[in-house]
file coords_20.txt (compact mmCIF, C-alpha atoms and all ligand atoms)
# COMPACT_ATOMS: atom_id res chain seq x y z
CA MET A 1 -4.98 -9.38 14.11
CA THR A 2 -3.91 -6.26 15.97
CA THR A 3 -2.70 -4.49 12.82
CA ALA A 4 -6.11 -4.68 11.11
CA SER A 5 -8.74 -1.99 11.58
CA PRO A 6 -12.54 -2.27 11.30
CA ALA A 7 -14.17 -0.93 8.13
CA LYS A 8 -16.04 1.64 10.23
CA TRP A 9 -12.74 3.02 11.52
CA HIS A 10 -11.32 3.39 8.00
CA LEU A 11 -14.48 5.26 6.95
CA ALA A 12 -14.24 7.65 9.89
CA HIS A 13 -10.48 8.12 9.78
CA THR A 14 -10.33 9.15 6.11
CA THR A 15 -13.04 11.74 6.87
CA TRP A 16 -11.12 12.81 9.97
CA PHE A 17 -8.14 13.54 7.73
CA PHE A 18 -10.06 16.18 5.75
CA GLU A 19 -11.65 17.60 8.89
CA THR A 20 -8.35 17.87 10.74
CA PHE A 21 -6.01 19.05 8.03
CA VAL A 22 -8.32 21.13 5.80
CA LEU A 23 -11.52 22.19 7.56
CA ALA A 24 -10.04 22.80 11.00
CA ARG A 25 -8.01 25.61 9.40
CA GLU A 26 -11.25 27.44 8.63
CA ARG A 27 -12.81 29.58 11.34
CA TRP A 28 -16.32 28.95 10.03
CA TYR A 29 -16.08 25.18 10.40
CA ARG A 30 -17.86 23.49 13.29
CA ALA A 31 -16.65 20.00 14.19
CA PHE A 32 -19.22 17.20 13.98
CA ARG A 33 -18.13 15.91 17.38
CA PRO A 34 -14.92 17.41 18.85
CA GLU A 35 -14.07 14.07 20.54
CA PHE A 36 -13.53 12.51 17.10
CA ARG A 37 -10.30 14.50 16.83
CA GLU A 38 -8.73 11.96 19.19
CA LEU A 39 -10.88 8.96 18.41
CA PHE A 40 -10.01 8.74 14.73
CA ASN A 41 -6.46 10.06 14.88
CA SER A 42 -4.23 7.26 13.60
CA TYR A 43 -0.72 8.27 14.57
CA TYR A 44 -0.31 12.07 14.47
CA MET A 45 1.21 12.81 17.87
CA SER A 46 1.40 16.52 16.98
CA VAL A 47 -2.40 16.60 16.55
CA GLY A 48 -3.04 15.08 19.97
CA VAL A 49 -3.86 11.84 21.71
CA THR A 50 -4.40 8.74 19.55
CA LEU A 51 -6.37 5.57 20.14
CA ALA A 52 -4.04 2.55 20.31
CA ARG A 53 -4.28 0.65 17.02
CA PRO A 54 -5.17 -2.73 18.60
CA HIS A 55 -8.14 -1.01 20.31
CA ARG A 56 -9.81 0.18 17.11
CA GLY A 57 -11.82 -3.02 16.97
CA LEU A 58 -13.35 -2.20 20.36
CA LEU A 59 -15.19 0.87 19.08
CA THR A 60 -18.77 -0.36 19.29
CA ARG A 61 -19.74 3.34 19.39
CA PRO A 62 -20.12 5.54 17.41
CA SER A 63 -22.40 3.36 15.33
CA LEU A 64 -21.90 2.93 11.61
CA ALA A 65 -24.93 5.19 11.09
CA GLU A 66 -23.24 7.96 13.10
CA VAL A 67 -19.98 7.50 11.20
CA MET A 68 -21.92 7.89 7.96
CA GLU A 69 -23.50 11.09 9.35
CA TYR A 70 -20.01 12.29 10.20
CA ARG A 71 -18.91 11.61 6.63
CA ALA A 72 -21.92 13.46 5.23
CA HIS A 73 -21.20 16.44 7.53
CA VAL A 74 -17.60 16.66 6.37
CA ASP A 75 -18.53 16.05 2.71
CA LEU A 76 -20.94 18.96 2.87
CA ALA A 77 -18.34 21.23 4.46
CA MET A 78 -15.77 20.19 1.85
CA ALA A 79 -18.25 20.95 -0.93
CA ALA A 80 -18.72 24.43 0.58
CA TRP A 81 -14.96 24.78 0.86
CA PHE A 82 -14.59 24.02 -2.85
CA GLU A 83 -17.50 26.22 -3.88
CA HIS A 84 -16.55 29.34 -1.99
CA GLY A 85 -13.18 28.93 -0.46
CA ALA A 86 -10.79 28.85 -3.37
CA ALA A 87 -12.33 31.88 -5.09
CA GLN A 88 -12.99 34.27 -2.24
CA GLY A 89 -11.01 35.85 0.51
CA ARG A 90 -14.08 35.85 2.69
CA PHE A 91 -16.37 33.05 3.57
CA VAL A 92 -19.77 32.28 5.02
CA ASP A 93 -20.78 34.09 8.20
CA GLY A 94 -18.64 37.00 7.05
CA LEU A 95 -15.59 35.67 8.83
CA ASP A 96 -12.14 36.16 7.38
CA THR A 97 -10.65 32.98 6.08
CA VAL A 98 -7.04 32.04 6.29
CA ASP A 99 -4.78 33.86 3.86
CA ALA A 100 -4.14 32.91 0.24
CA ASP A 101 -0.94 30.94 0.93
CA GLU A 102 -2.72 28.96 3.57
CA ARG A 103 -5.54 28.26 1.15
CA ALA A 104 -3.10 27.09 -1.54
CA LEU A 105 -1.57 24.78 1.02
CA SER A 106 -5.01 23.47 1.92
CA ALA A 107 -5.71 22.77 -1.75
CA TRP A 108 -2.61 20.64 -1.85
CA ILE A 109 -3.67 18.87 1.35
CA VAL A 110 -7.00 18.02 -0.30
CA GLU A 111 -5.04 16.16 -2.96
CA LEU A 112 -3.05 14.43 -0.24
CA GLY A 113 -6.33 13.57 1.51
CA LEU A 114 -7.58 11.87 -1.65
CA ALA A 115 -4.34 9.86 -1.99
CA HIS A 116 -4.62 9.00 1.72
CA GLU A 117 -8.18 7.78 1.24
CA GLU A 118 -7.03 5.62 -1.68
CA GLN A 119 -4.43 4.03 0.59
CA HIS A 120 -7.15 3.24 3.10
CA GLN A 121 -9.40 1.80 0.40
CA GLU A 122 -6.72 -0.84 -0.16
CA LEU A 123 -6.08 -1.36 3.54
CA LEU A 124 -9.81 -1.80 4.05
CA LEU A 125 -9.91 -4.62 1.48
CA ALA A 126 -6.90 -6.33 3.05
CA ASP A 127 -8.48 -6.00 6.51
CA VAL A 128 -11.89 -7.24 5.30
CA LYS A 129 -10.17 -10.25 3.72
CA HIS A 130 -8.39 -11.07 6.95
CA LEU A 131 -11.59 -10.71 8.96
CA LEU A 132 -13.62 -12.92 6.58
CA SER A 133 -10.84 -15.52 6.62
CA GLN A 134 -11.42 -15.94 10.37
CA ASN A 135 -15.00 -17.09 9.70
CA PRO A 136 -15.22 -20.88 9.18
CA LEU A 137 -17.83 -20.22 6.46
CA LEU A 138 -15.15 -18.36 4.45
CA PRO A 139 -17.66 -15.83 3.07
CA ALA A 140 -17.15 -14.04 -0.23
CA TYR A 141 -16.90 -10.26 -0.41
CA VAL A 142 -17.40 -10.07 -4.18
CA PRO A 143 -19.06 -12.61 -6.51
CA ALA A 144 -17.04 -15.60 -7.63
CA GLN A 145 -14.87 -15.03 -10.66
CA PRO A 146 -14.82 -17.39 -13.66
CA ALA A 147 -11.93 -19.82 -13.44
CA ALA A 148 -8.95 -19.14 -15.68
CA PHE A 149 -7.24 -21.83 -17.72
CA GLY A 150 -3.84 -22.11 -19.29
CA SER A 151 -0.37 -21.60 -18.00
CA ALA A 152 1.76 -18.64 -17.08
CA PRO A 153 4.22 -17.36 -19.66
CA LYS A 154 7.67 -18.83 -19.29
CA LEU A 155 9.89 -16.74 -17.05
CA ARG A 156 12.45 -14.75 -19.01
CA TRP A 157 15.20 -12.49 -17.75
CA HIS A 158 15.15 -8.83 -18.71
CA ALA A 159 18.77 -7.59 -18.86
CA CYS A 160 19.72 -4.06 -17.77
CA ALA A 161 23.13 -2.50 -18.15
CA GLY A 162 22.81 -0.41 -15.01
CA GLY A 163 25.14 2.55 -14.60
CA LEU A 164 24.36 5.90 -13.03
CA VAL A 165 20.56 6.29 -13.12
CA GLU A 166 18.04 8.74 -11.71
CA ILE A 167 15.59 7.53 -9.08
CA GLY A 168 12.67 9.21 -7.31
CA HIS A 169 10.04 11.82 -8.05
CA ALA A 170 10.88 15.36 -9.13
CA ALA A 171 8.30 16.98 -6.83
CA THR A 172 9.89 18.82 -3.96
CA GLY A 173 7.48 18.41 -1.11
CA HIS A 174 4.41 20.36 -0.16
CA SER A 175 5.85 23.78 -0.86
CA ALA A 176 5.90 22.67 -4.51
CA GLY A 177 2.41 21.28 -4.09
CA ALA A 178 1.15 24.55 -2.67
CA ARG A 179 2.75 26.56 -5.45
CA SER A 180 1.11 24.32 -7.98
CA ASN A 181 -2.34 25.60 -7.05
CA GLY A 182 -3.59 27.40 -10.13
CA HIS A 183 -0.27 26.99 -11.90
CA ALA A 184 1.35 24.19 -13.84
CA ALA A 185 0.70 21.39 -11.35
CA PRO A 186 3.34 18.72 -10.96
CA GLU A 187 1.99 15.21 -10.50
CA PHE A 188 1.27 14.47 -6.87
CA ALA A 189 3.87 12.42 -5.02
CA PHE A 190 4.44 11.48 -1.41
CA ASP A 191 7.43 13.02 0.33
CA ASN A 192 9.10 9.61 0.66
CA GLU A 193 9.43 9.43 -3.18
CA THR A 194 11.56 12.57 -3.22
CA PRO A 195 13.97 14.04 -4.07
CA ARG A 196 15.03 12.64 -7.40
CA HIS A 197 18.65 11.62 -7.10
CA ARG A 198 21.34 9.50 -8.70
CA VAL A 199 21.99 5.86 -7.88
CA HIS A 200 24.61 3.59 -9.36
CA LEU A 201 23.38 0.17 -10.50
CA GLU A 202 25.55 -2.78 -11.40
CA PRO A 203 24.31 -4.78 -14.41
CA PHE A 204 21.30 -6.85 -13.37
CA GLU A 205 18.46 -8.95 -14.72
CA LEU A 206 14.82 -8.71 -13.70
CA ALA A 207 12.28 -11.51 -14.06
CA SER A 208 9.72 -10.93 -16.80
CA ARG A 209 6.79 -11.70 -14.45
CA PRO A 210 6.09 -12.35 -10.74
CA ALA A 211 6.67 -15.84 -9.31
CA THR A 212 3.66 -18.14 -9.66
CA ASN A 213 1.81 -20.42 -7.28
CA ALA A 214 3.27 -23.41 -9.16
CA GLU A 215 6.78 -22.15 -8.50
CA TRP A 216 5.91 -21.58 -4.87
CA LEU A 217 4.56 -25.13 -4.58
CA ALA A 218 7.88 -26.43 -5.92
CA PHE A 219 9.63 -24.44 -3.19
CA MET A 220 7.36 -26.01 -0.58
CA GLU A 221 7.80 -29.51 -1.99
CA ASP A 222 11.56 -29.01 -1.81
CA ARG A 223 11.11 -28.38 1.95
CA GLY A 224 11.67 -24.66 1.44
CA TYR A 225 10.07 -23.74 4.76
CA ALA A 226 12.23 -26.25 6.68
CA ARG A 227 15.69 -25.39 5.36
CA PRO A 228 17.39 -22.76 7.50
CA GLU A 229 20.15 -22.18 4.95
CA LEU A 230 17.58 -20.48 2.71
CA TRP A 231 16.38 -18.01 5.30
CA LEU A 232 17.41 -14.90 7.14
CA SER A 233 17.79 -15.97 10.76
CA GLU A 234 14.91 -13.82 12.00
CA GLY A 235 12.76 -15.03 9.12
CA PHE A 236 13.34 -18.69 9.89
CA GLU A 237 12.56 -18.09 13.55
CA THR A 238 9.40 -16.17 12.63
CA ALA A 239 8.28 -18.91 10.23
CA ARG A 240 8.89 -21.55 12.91
CA THR A 241 7.11 -19.73 15.74
CA GLN A 242 4.20 -18.64 13.50
CA GLY A 243 3.89 -22.11 11.98
CA TRP A 244 4.28 -20.89 8.39
CA ALA A 245 4.24 -23.78 5.90
CA ALA A 246 2.48 -22.08 2.96
CA PRO A 247 1.41 -18.52 2.02
CA LEU A 248 -1.29 -16.91 4.12
CA TYR A 249 -4.81 -17.96 3.02
CA TRP A 250 -3.66 -21.25 1.46
CA ILE A 251 -5.84 -24.09 2.75
CA GLU A 252 -5.36 -27.78 2.01
CA ARG A 253 -8.60 -29.71 1.48
CA GLU A 254 -8.57 -33.42 0.62
CA GLY A 255 -4.99 -33.28 -0.58
CA ARG A 256 -5.50 -30.25 -2.84
CA TRP A 257 -4.40 -26.70 -2.20
CA HIS A 258 -7.06 -24.02 -2.18
CA GLU A 259 -6.81 -20.31 -1.66
CA PHE A 260 -9.13 -18.03 0.25
CA THR A 261 -9.89 -14.98 -1.88
CA LEU A 262 -12.30 -12.08 -1.62
CA SER A 263 -14.51 -14.28 -3.82
CA GLY A 264 -14.35 -17.06 -1.23
CA LEU A 265 -12.40 -20.32 -1.27
CA ARG A 266 -11.28 -21.67 -4.63
CA PRO A 267 -8.77 -24.15 -5.99
CA LEU A 268 -5.29 -22.72 -6.26
CA ASP A 269 -4.60 -21.32 -9.73
CA LEU A 270 -1.10 -22.60 -10.37
CA ALA A 271 -0.43 -20.03 -13.08
CA ALA A 272 -1.38 -16.97 -11.00
CA PRO A 273 1.18 -14.91 -9.09
CA VAL A 274 1.81 -16.11 -5.55
CA CYS A 275 0.24 -13.68 -3.09
CA HIS A 276 0.22 -12.98 0.66
CA VAL A 277 3.82 -13.93 1.28
CA SER A 278 5.95 -12.03 3.76
CA GLY A 279 9.23 -10.36 2.93
CA PHE A 280 10.99 -13.15 4.82
CA GLU A 281 9.32 -15.80 2.66
CA ALA A 282 10.01 -13.83 -0.53
CA ASP A 283 13.66 -13.58 0.44
CA ALA A 284 13.95 -17.34 1.15
CA PHE A 285 12.15 -18.21 -2.07
CA ALA A 286 14.54 -16.00 -4.04
CA ARG A 287 17.56 -17.74 -2.49
CA TRP A 288 16.04 -21.14 -3.28
CA SER A 289 15.56 -19.93 -6.87
CA ASP A 290 19.30 -19.10 -7.21
CA ALA A 291 18.24 -15.49 -7.51
CA ARG A 292 17.57 -12.57 -5.18
CA LEU A 293 15.00 -9.84 -4.65
CA PRO A 294 15.49 -6.70 -6.74
CA THR A 295 16.53 -3.52 -5.02
CA GLU A 296 13.85 -0.85 -5.19
CA PHE A 297 16.16 1.12 -7.49
CA GLU A 298 16.49 -1.75 -9.98
CA TRP A 299 12.73 -2.15 -9.93
CA GLU A 300 12.06 1.56 -10.52
CA HIS A 301 14.68 1.86 -13.26
CA VAL A 302 12.82 -0.81 -15.25
CA ALA A 303 9.31 0.34 -14.32
CA GLU A 304 9.71 3.99 -15.24
CA LYS A 305 9.96 3.03 -18.90
CA LEU A 306 6.57 1.26 -18.75
CA SER A 307 3.07 2.68 -18.71
CA VAL A 308 1.18 2.26 -15.46
CA ARG A 309 -1.27 -0.36 -16.65
CA GLY A 310 -2.41 -3.39 -14.71
CA ARG A 311 -5.11 -5.14 -12.74
CA PHE A 312 -6.18 -2.71 -10.03
CA SER A 313 -9.18 -2.63 -7.71
CA ASP A 314 -11.48 -1.00 -10.27
CA THR A 315 -11.67 -4.38 -12.03
CA GLN A 316 -13.42 -5.68 -8.87
CA ARG A 317 -11.65 -9.01 -9.34
CA LEU A 318 -9.61 -8.34 -6.20
CA HIS A 319 -7.26 -11.23 -6.73
CA PRO A 320 -4.06 -11.55 -8.76
CA GLU A 321 -4.38 -13.40 -12.03
CA ARG A 322 -1.96 -15.00 -14.44
CA ALA A 323 0.39 -12.85 -16.45
CA PRO A 324 -0.41 -12.03 -20.05
CA ALA A 325 2.03 -13.27 -22.63
CA GLY A 326 4.49 -10.44 -22.87
CA ASP A 327 6.82 -9.11 -25.48
CA ASP A 328 10.31 -8.19 -24.40
CA ALA A 329 9.27 -5.89 -21.57
CA PRO A 330 8.44 -7.30 -18.13
CA VAL A 331 4.71 -7.72 -17.47
CA GLN A 332 2.57 -7.17 -14.36
CA MET A 333 4.97 -4.61 -12.95
CA PHE A 334 1.86 -2.66 -11.88
CA GLY A 335 -1.18 -4.17 -10.22
CA ASP A 336 -1.86 -7.81 -9.23
CA VAL A 337 0.70 -8.06 -6.40
CA TRP A 338 2.97 -5.66 -4.54
CA GLU A 339 6.53 -6.82 -5.11
CA TRP A 340 8.91 -7.12 -2.18
CA THR A 341 12.31 -5.55 -2.72
CA SER A 342 15.56 -6.05 -0.83
CA SER A 343 15.66 -2.33 0.03
CA ASP A 344 15.18 -1.10 3.55
CA TYR A 345 12.63 1.69 3.78
CA ALA A 346 15.00 4.61 4.28
CA PRO A 347 15.10 8.29 3.36
CA TYR A 348 16.54 9.26 0.00
CA PRO A 349 19.56 11.59 0.09
CA ARG A 350 18.42 15.12 1.05
CA PHE A 351 14.96 13.83 2.00
CA GLU A 352 12.83 16.41 3.77
CA PRO A 353 9.55 15.39 5.38
CA TRP A 354 6.57 17.64 4.74
CA ALA A 355 6.23 20.54 7.15
CA GLY A 356 4.04 20.68 10.23
CA ASN A 357 1.77 17.87 11.36
CA LEU A 358 2.17 16.09 8.03
CA ALA A 359 5.87 15.51 8.74
CA GLU A 360 4.50 12.46 10.54
CA TYR A 361 2.96 11.01 7.37
CA ASN A 362 5.91 8.91 6.18
CA GLY A 363 9.31 9.82 7.57
CA LYS A 364 8.87 8.51 11.09
CA PHE A 365 8.18 5.00 9.80
CA MET A 366 11.57 4.65 8.13
CA CYS A 367 12.73 1.94 10.51
CA ASN A 368 12.63 -1.86 10.32
CA GLN A 369 10.53 -2.01 7.17
CA ARG A 370 11.12 -3.05 3.57
CA VAL A 371 9.97 -1.31 0.41
CA LEU A 372 7.37 -2.90 -1.90
CA ARG A 373 6.67 -1.61 -5.38
CA GLY A 374 4.03 -1.59 -8.10
CA GLY A 375 0.59 -1.78 -6.47
CA SER A 376 -1.82 -4.69 -6.36
CA CYS A 377 -5.23 -5.90 -7.47
CA ALA A 378 -6.57 -4.07 -4.37
CA THR A 379 -4.89 -0.73 -5.16
CA PRO A 380 -7.17 1.93 -6.66
CA SER A 381 -6.42 2.58 -10.30
CA GLY A 382 -4.37 5.75 -10.72
CA HIS A 383 -2.92 5.61 -7.22
CA VAL A 384 0.54 4.23 -7.94
CA ARG A 385 3.39 5.26 -10.22
CA ALA A 386 6.91 4.03 -10.92
CA THR A 387 8.36 6.05 -8.04
CA TYR A 388 5.72 4.93 -5.50
CA ARG A 389 7.13 3.36 -2.32
CA ASN A 390 4.96 1.14 -0.15
CA PHE A 391 6.49 -0.32 3.00
CA PHE A 392 5.79 -3.06 5.49
CA PRO A 393 7.70 -5.03 8.11
CA LEU A 394 9.32 -8.19 6.76
CA ASP A 395 6.85 -10.44 8.55
CA ALA A 396 3.70 -8.80 7.09
CA ARG A 397 1.60 -11.23 5.04
CA TRP A 398 -1.90 -9.79 4.96
CA GLN A 399 -1.18 -7.36 2.13
CA PHE A 400 -1.49 -8.47 -1.49
CA SER A 401 2.26 -9.04 -1.67
CA GLY A 402 4.23 -11.29 -4.00
CA VAL A 403 7.71 -11.62 -5.42
CA ARG A 404 9.54 -10.84 -8.63
CA LEU A 405 13.03 -12.28 -8.87
CA ALA A 406 16.23 -10.52 -9.90
CA ARG A 407 19.81 -11.62 -10.36
CA ASP A 408 23.18 -10.11 -11.05
CA GLY A 409 23.92 -9.40 -14.68
CA ALA A 410 26.99 -10.07 -16.70
FE FE B 501 -4.36 7.04 7.63

call {"tool": "encode", "arguments": {"input": "coords_20.txt", "output": "structure tokens"}}
result
Amino acid sequence: MTTASPAKWHLAHTTWFFETFVLARERWYRAFRPEFRELFNSYYMSVGVTLARPHRGLLTRPSLAEVMEYRAHVDLAMAAWFEHGAAQGRFVDGLDTVDADERALSAWIVELGLAHEEQHQELLLADVKHLLSQNPLLPAYVPAQPAAFGSAPKLRWHACAGGLVEIGHAATGHSAGARSNGHAAPEFAFDNETPRHRVHLEPFELASRPATNAEWLAFMEDRGYARPELWLSEGFETARTQGWAAPLYWIEREGRWHEFTLSGLRPLDLAAPVCHVSGFEADAFARWSDARLPTEFEWEHVAEKLSVRGRFSDTQRLHPERAPAGDDAPVQMFGDVWEWTSSDYAPYPRFEPWAGNLAEYNGKFMCNQRVLRGGSCATPSGHVRATYRNFFPLDARWQFSGVRLARDGA
């Protein structure tokens, strides 16, 4: 798959981020290998030449051992940066460092670098899963998990009155981040979550839990993949040309559905949330269900009242599991599966990308993608929040993506 990257590339690229955006500002820093500036640049045209994404898998050199040396080199330099840099105007070798404002900005970029690495930790798991799925042995990445029994809680509808609501994060870009150094620090947020602004919502209802594998099977048994009236035109064409007849990683063996997981192949858990469906499939499933996908604003309006608890990657289960019995509030809004929304990935009113090279982080991808919310079982714990916006093209299936239904309210 041309959109997947080798694990070695993820390891080097997340290190490259710190080297390029923090250490390269320091006159004392010596690059591990200057050629890496191009080799492990993902998409920052303002930094220089990039290696085409489909070619990342061709990097037989540097070796993994050299990439690990590169990481150790940058880790050591970052440790020195923390130890001396923030407190002193001068640094090793007696060279003047950048000025205090620059250093405050760098401190903020370190936080961004950590959030960036967390994003790649999830991408790495999704890419590893795809790679292992290509092996006929279907190897496991983590030990097998004990099977779960029981059924999913009955789907209920959570009613919301709507009205004029506030959406988005209150942070105001990296100038606010830089100012926060040493002062009252606002919670970190990506630029695409800002600014906070008003949105009008009509009354709506949100499903109490994500759709399950059992519900998806019913969609399939009702010829859901073969009925064009359920699909967006481009989605139906994509499903036809790609041969989609079930979610990615579903495998039928001797008349029974199984699912390839990071613990290997196992029988499909009918009560667990459906996972690895594209936005096109989620949209068709919602129409078949006499419902629709929530807008990202409906989703956030409900989620911001909930605590960010869920099954994230720190559990090492790395697969969505059945919803707990809930009270009145929706469950599994965070963790387990990313939830497709009907919202195009677009800038919020008065959106301003971060300054400089980092303007390329999010804004330039606001085209032909949909927003997903809530994080997944492969997302590092602490990475997401109610305002967090993930985004993928409608045909992407290799992320841990599922669907939560919505419908118009009375
Ligand atoms: Fe990256």

call {"tool": "residues_around", "arguments": {"input": "coords_20.txt", "residues": "Trp244 of chain A", "least_positions_apart": "3", "cutoff": "10 Å", "atoms": "only C-alpha atoms", "output": "list of chain:residue names"}}
result
A:Tyr225, A:Ala226, A:Phe236, A:Thr238, A:Ala239, A:Arg240, A:Thr241, A:Pro247, A:Leu248, A:Val277, A:Glu281

call {"tool": "residues_near_ligand", "arguments": {"input": "coords_20.txt", "ligand": "ligand FE 501 (chain B)", "cutoff": "7 Å", "atoms": "only C-alpha atoms and all ligand atoms", "output": "VMD selection string"}}
result
chain A and resid 13 to 14 42 116 120

call {"tool": "residues_around", "arguments": {"input": "coords_20.txt", "residues": "Glu117 of chain A", "least_positions_apart": "3", "cutoff": "10 Å", "atoms": "only C-alpha atoms", "output": "JSON, numbers by chain"}}
result
{"A": [10, 11, 13, 14, 15, 17, 18, 111, 112, 113, 114, 120, 121, 122, 123, 380]}

call {"tool": "write_last_selection", "arguments": {"input": "coords_20.txt", "atoms": "C-alpha atoms", "output": "CSV table (one decimal), in the frame of the given file"}}
result
chain,number,residue,atom,x,y,z
A,10,HIS,CA,-11.3,3.4,8.0
A,11,LEU,CA,-14.5,5.3,7.0
A,13,HIS,CA,-10.5,8.1,9.8
A,14,THR,CA,-10.3,9.2,6.1
A,15,THR,CA,-13.0,11.7,6.9
A,17,PHE,CA,-8.1,13.5,7.7
A,18,PHE,CA,-10.1,16.2,5.8
A,111,GLU,CA,-5.0,16.2,-3.0
A,112,LEU,CA,-3.0,14.4,-0.2
A,113,GLY,CA,-6.3,13.6,1.5
A,114,LEU,CA,-7.6,11.9,-1.6
A,120,HIS,CA,-7.2,3.2,3.1
A,121,GLN,CA,-9.4,1.8,0.4
A,122,GLU,CA,-6.7,-0.8,-0.2
A,123,LEU,CA,-6.1,-1.4,3.5
A,380,PRO,CA,-7.2,1.9,-6.7

call {"tool": "atom_distance", "arguments": {"input": "coords_20.txt", "atom1": "atom CA of Asn357 of chain A", "atom2": "atom CA of Thr20 of chain A"}}
result
10.1 Å

call {"tool": "atom_distance", "arguments": {"input": "coords_20.txt", "atom1": "atom CA of Leu164 of chain A", "atom2": "atom CA of Arg198 of chain A"}}
result
6.4 Å

call {"tool": "closest_residue", "arguments": {"input": "coords_20.txt", "among": "A:Leu394, A:Ala245, A:Ala406, A:Leu51", "to": "Trp9 of chain A", "atoms": "only C-alpha atoms"}}
result
A:Leu51

call {"tool": "atom_distance", "arguments": {"input": "coords_20.txt", "atom1": "atom CA of Val302 of chain A", "atom2": "atom CA of Ser376 of chain A"}}
result
17.6 Å

call {"tool": "residues_around", "arguments": {"input": "coords_20.txt", "residues": "segment 305-313 of chain A", "least_positions_apart": "4", "cutoff": "7 Å", "atoms": "all atoms listed in the file", "output": "ChimeraX atom specification"}}
result
/A:318,332,334-336,376-381,385

call {"tool": "residues_around", "arguments": {"input": "coords_20.txt", "residues": "segment 214-223 of chain A", "least_positions_apart": "4", "cutoff": "8 Å", "atoms": "all atoms listed in the file", "output": "list in words"}}
result
Arg227, Ala245, Ala246, Leu270, Ala271, Val274, Phe285 and Trp288 of chain A

call {"tool": "closest_residue", "arguments": {"input": "coords_20.txt", "among": "A:Leu105, A:Pro349, A:Ala284, A:Phe260", "to": "Leu132 of chain A", "atoms": "all atoms listed in the file"}}
result
A:Phe260

call {"tool": "build_atoms", "arguments": {"input": "coords_20.txt", "residues": "segment 162-173 of chain A", "atoms": "N, CA, C and O atoms", "output": "tab-separated table (two decimals), in the frame of the given file"}}
result
chain	number	residue	atom	x	y	z
A	162	GLY	N	22.52	-1.15	-16.24
A	162	GLY	CA	22.81	-0.41	-15.01
A	162	GLY	C	23.51	0.89	-15.31
A	162	GLY	O	23.24	1.56	-16.30
A	163	GLY	N	24.46	1.27	-14.46
A	163	GLY	CA	25.14	2.55	-14.60
A	163	GLY	C	24.54	3.58	-13.65
A	163	GLY	O	23.81	3.23	-12.71
A	164	LEU	N	24.87	4.84	-13.89
A	164	LEU	CA	24.36	5.90	-13.03
A	164	LEU	C	22.96	6.29	-13.51
A	164	LEU	O	22.80	6.78	-14.63
A	165	VAL	N	21.95	6.05	-12.69
A	165	VAL	CA	20.56	6.29	-13.12
A	165	VAL	C	19.89	7.25	-12.15
A	165	VAL	O	20.36	7.45	-11.02
A	166	GLU	N	18.79	7.83	-12.58
A	166	GLU	CA	18.04	8.74	-11.71
A	166	GLU	C	16.84	8.01	-11.12
A	166	GLU	O	16.13	7.28	-11.82
A	167	ILE	N	16.63	8.22	-9.84
A	167	ILE	CA	15.59	7.53	-9.08
A	167	ILE	C	14.80	8.57	-8.30
A	167	ILE	O	15.36	9.56	-7.84
A	168	GLY	N	13.49	8.33	-8.15
A	168	GLY	CA	12.67	9.21	-7.31
A	168	GLY	C	11.87	10.20	-8.12
A	168	GLY	O	12.03	10.35	-9.33
A	169	HIS	N	10.97	10.87	-7.43
A	169	HIS	CA	10.04	11.82	-8.05
A	169	HIS	C	10.63	13.23	-8.00
A	169	HIS	O	11.30	13.60	-7.04
A	170	ALA	N	10.31	14.01	-9.04
A	170	ALA	CA	10.88	15.36	-9.13
A	170	ALA	C	10.15	16.39	-8.27
A	170	ALA	O	10.63	17.50	-8.11
A	171	ALA	N	8.99	16.03	-7.72
A	171	ALA	CA	8.30	16.98	-6.83
A	171	ALA	C	9.19	17.28	-5.64
A	171	ALA	O	10.02	16.47	-5.25
A	172	THR	N	9.02	18.45	-5.07
A	172	THR	CA	9.89	18.82	-3.96
A	172	THR	C	9.09	19.14	-2.71
A	172	THR	O	9.26	20.17	-2.09
A	173	GLY	N	8.17	18.26	-2.37
A	173	GLY	CA	7.48	18.41	-1.11
A	173	GLY	C	6.30	19.35	-1.21
A	173	GLY	O	5.93	19.79	-2.28
